[in-house]
Amino acid sequence: MSIARIKKDDTVIVITGDAAGQTGKVLRVIPDKGMAVVQGLNMVKKSIRPSDSAPNGGFVEREAPLRLSNLMPYDSDAKKGVRISRVKDGDRMVRKSKASGKILD
């Protein structure tokens, strides 16, 4: 990925797949794999072995990564997923919504 259009703590909307149309906050971005973990989306059950913290073992629900190509930054002003442009704001580059002109950084 040459330009990071989705970063940690961004609000994103899922554009395709089982969770299409749902929004959430990005917990973690995995740039090597081109994936991101979004809070409350793509929940999977994971089995855990018995340990000191979980003596009986069992199952836990956790978020699984989603492809970055299936996510778009969400603009609360436009109330939809938006494309972004990178513009210079003073001495730094910021991400700006093409729909409403709102700065996302």
# chains A, B, ... in the order shown; residues from 1 in each chain; ligands from 1

$ select_by_dssp --residues "range 45-101 of chain A" --states "strand (DSSP E or B)" --output "JSON, numbers by chain"
{"A": [45, 46, 47, 48, 58, 59, 60, 61, 62, 63, 66, 67, 71, 72, 73, 74, 75, 80, 81, 84, 85, 86, 87, 88, 89, 92, 93, 94, 95, 96, 97]}

$ residues_around --residues "Ala4 in chain A" --least-positions-apart "6" --cutoff "12 Å" --atoms "only C-alpha atoms" --output "list in words"
Asp10, Val29, Ile30, Pro31, Gly34, Met35, Ala36, Leu68, Ser69, Met72, Pro73, Ile84, Ser85, Arg86, Met93, Val94, Arg95 and Asp105 of chain A

$ write_last_selection --atoms "N, CA, C and O atoms" --output "mmCIF file, in the first residue's frame"
data_model
loop_
_atom_site.group_PDB
_atom_site.id
_atom_site.type_symbol
_atom_site.label_atom_id
_atom_site.label_comp_id
_atom_site.auth_asym_id
_atom_site.auth_seq_id
_atom_site.Cartn_x
_atom_site.Cartn_y
_atom_site.Cartn_z
ATOM 1 N N ASP A 10 -9.957 5.171 12.886
ATOM 2 C CA ASP A 10 -10.890 5.717 11.898
ATOM 3 C C ASP A 10 -12.230 5.013 12.034
ATOM 4 O O ASP A 10 -12.302 3.864 12.470
ATOM 5 N N VAL A 29 -4.629 -2.088 12.101
ATOM 6 C CA VAL A 29 -4.406 -2.253 10.664
ATOM 7 C C VAL A 29 -3.202 -3.164 10.477
ATOM 8 O O VAL A 29 -2.191 -3.014 11.155
ATOM 9 N N ILE A 30 -3.331 -4.130 9.569
ATOM 10 C CA ILE A 30 -2.249 -5.064 9.266
ATOM 11 C C ILE A 30 -1.814 -4.774 7.829
ATOM 12 O O ILE A 30 -2.328 -5.367 6.882
ATOM 13 N N PRO A 31 -0.871 -3.832 7.625
ATOM 14 C CA PRO A 31 -0.529 -3.408 6.266
ATOM 15 C C PRO A 31 0.122 -4.490 5.416
ATOM 16 O O PRO A 31 -0.050 -4.504 4.204
ATOM 17 N N GLY A 34 -2.759 -6.347 4.129
ATOM 18 C CA GLY A 34 -3.819 -5.530 3.547
ATOM 19 C C GLY A 34 -5.144 -5.738 4.246
ATOM 20 O O GLY A 34 -6.188 -5.783 3.608
ATOM 21 N N MET A 35 -5.111 -5.839 5.570
ATOM 22 C CA MET A 35 -6.315 -6.127 6.345
ATOM 23 C C MET A 35 -6.414 -5.188 7.534
ATOM 24 O O MET A 35 -5.434 -4.562 7.933
ATOM 25 N N ALA A 36 -7.632 -5.108 8.093
ATOM 26 C CA ALA A 36 -7.874 -4.305 9.284
ATOM 27 C C ALA A 36 -8.882 -5.015 10.169
ATOM 28 O O ALA A 36 -9.770 -5.716 9.673
ATOM 29 N N LEU A 68 -8.857 -4.521 3.411
ATOM 30 C CA LEU A 68 -8.954 -3.069 3.269
ATOM 31 C C LEU A 68 -9.747 -2.676 2.033
ATOM 32 O O LEU A 68 -10.382 -1.623 2.001
ATOM 33 N N SER A 69 -9.758 -3.541 1.017
ATOM 34 C CA SER A 69 -10.505 -3.237 -0.199
ATOM 35 C C SER A 69 -12.011 -3.278 0.037
ATOM 36 O O SER A 69 -12.778 -2.728 -0.749
ATOM 37 N N MET A 72 -14.361 1.421 3.493
ATOM 38 C CA MET A 72 -14.214 2.811 3.064
ATOM 39 C C MET A 72 -14.272 3.690 4.305
ATOM 40 O O MET A 72 -15.018 3.385 5.237
ATOM 41 N N PRO A 73 -13.526 4.784 4.324
ATOM 42 C CA PRO A 73 -13.666 5.735 5.430
ATOM 43 C C PRO A 73 -15.108 6.251 5.465
ATOM 44 O O PRO A 73 -15.706 6.512 4.425
ATOM 45 N N ILE A 84 -11.255 9.635 -0.535
ATOM 46 C CA ILE A 84 -10.461 10.675 0.103
ATOM 47 C C ILE A 84 -9.448 11.241 -0.869
ATOM 48 O O ILE A 84 -9.085 10.600 -1.861
ATOM 49 N N SER A 85 -9.034 12.449 -0.590
ATOM 50 C CA SER A 85 -7.915 13.042 -1.315
ATOM 51 C C SER A 85 -6.912 13.499 -0.267
ATOM 52 O O SER A 85 -7.274 13.761 0.874
ATOM 53 N N ARG A 86 -5.679 13.585 -0.667
ATOM 54 C CA ARG A 86 -4.644 14.044 0.257
ATOM 55 C C ARG A 86 -4.274 15.455 -0.136
ATOM 56 O O ARG A 86 -3.891 15.711 -1.271
ATOM 57 N N MET A 93 0.491 16.752 5.291
ATOM 58 C CA MET A 93 -0.526 16.217 4.398
ATOM 59 C C MET A 93 -1.652 15.615 5.242
ATOM 60 O O MET A 93 -1.389 14.924 6.225
ATOM 61 N N VAL A 94 -2.890 15.908 4.878
ATOM 62 C CA VAL A 94 -4.037 15.373 5.592
ATOM 63 C C VAL A 94 -4.979 14.693 4.600
ATOM 64 O O VAL A 94 -4.927 14.939 3.399
ATOM 65 N N ARG A 95 -5.845 13.826 5.152
ATOM 66 C CA ARG A 95 -6.843 13.154 4.331
ATOM 67 C C ARG A 95 -8.136 13.959 4.395
ATOM 68 O O ARG A 95 -8.603 14.312 5.468
ATOM 69 N N ASP A 105 -8.239 13.564 9.365
ATOM 70 C CA ASP A 105 -7.137 13.355 10.314
ATOM 71 C C ASP A 105 -7.333 14.154 11.581
ATOM 72 O O ASP A 105 -7.881 15.199 11.617
#

$ closest_atom_pairs --of "range 56-97 of chain A" --to "range 19-27 of chain A" --cutoff "10 Å" --atoms "only C-alpha atoms" --output "Markdown table"
| residue | atom | partner | partner_atom | distance |
| --- | --- | --- | --- | --- |
| A:Glu63 | CA | A:Leu27 | CA | 9.5 |
| A:Pro65 | CA | A:Leu27 | CA | 9.9 |
| A:Leu66 | CA | A:Ala19 | CA | 10.0 |
| A:Asn70 | CA | A:Ala20 | CA | 8.7 |
| A:Leu71 | CA | A:Ala20 | CA | 9.2 |
| A:Met72 | CA | A:Thr23 | CA | 9.5 |
| A:Pro73 | CA | A:Thr23 | CA | 9.4 |
| A:Tyr74 | CA | A:Thr23 | CA | 7.6 |
| A:Lys80 | CA | A:Gly21 | CA | 9.1 |
| A:Gly81 | CA | A:Gly21 | CA | 9.2 |

$ residues_around --residues "Arg49 in chain A" --least-positions-apart "4" --cutoff "12 Å" --atoms "only C-alpha atoms" --output "PyMOL selection string"
chain A and resi 53-60

$ write_last_selection --atoms "C-alpha atoms" --output "compact mmCIF listing (two decimals), in the first residue's frame"
# COMPACT_ATOMS: atom_id res chain seq x y z
CA SER A 53 -6.82 -17.59 33.15
CA ALA A 54 -9.49 -19.92 31.67
CA PRO A 55 -9.36 -23.20 33.62
CA ASN A 56 -12.13 -24.87 31.60
CA GLY A 57 -11.08 -23.56 28.19
CA GLY A 58 -14.04 -22.91 25.91
CA PHE A 59 -14.93 -20.46 23.18
CA VAL A 60 -14.48 -16.70 22.90

$ atom_distance --atom1 "CA of Asp18 in chain A" --atom2 "CA of Val38 in chain A"
13.7 Å
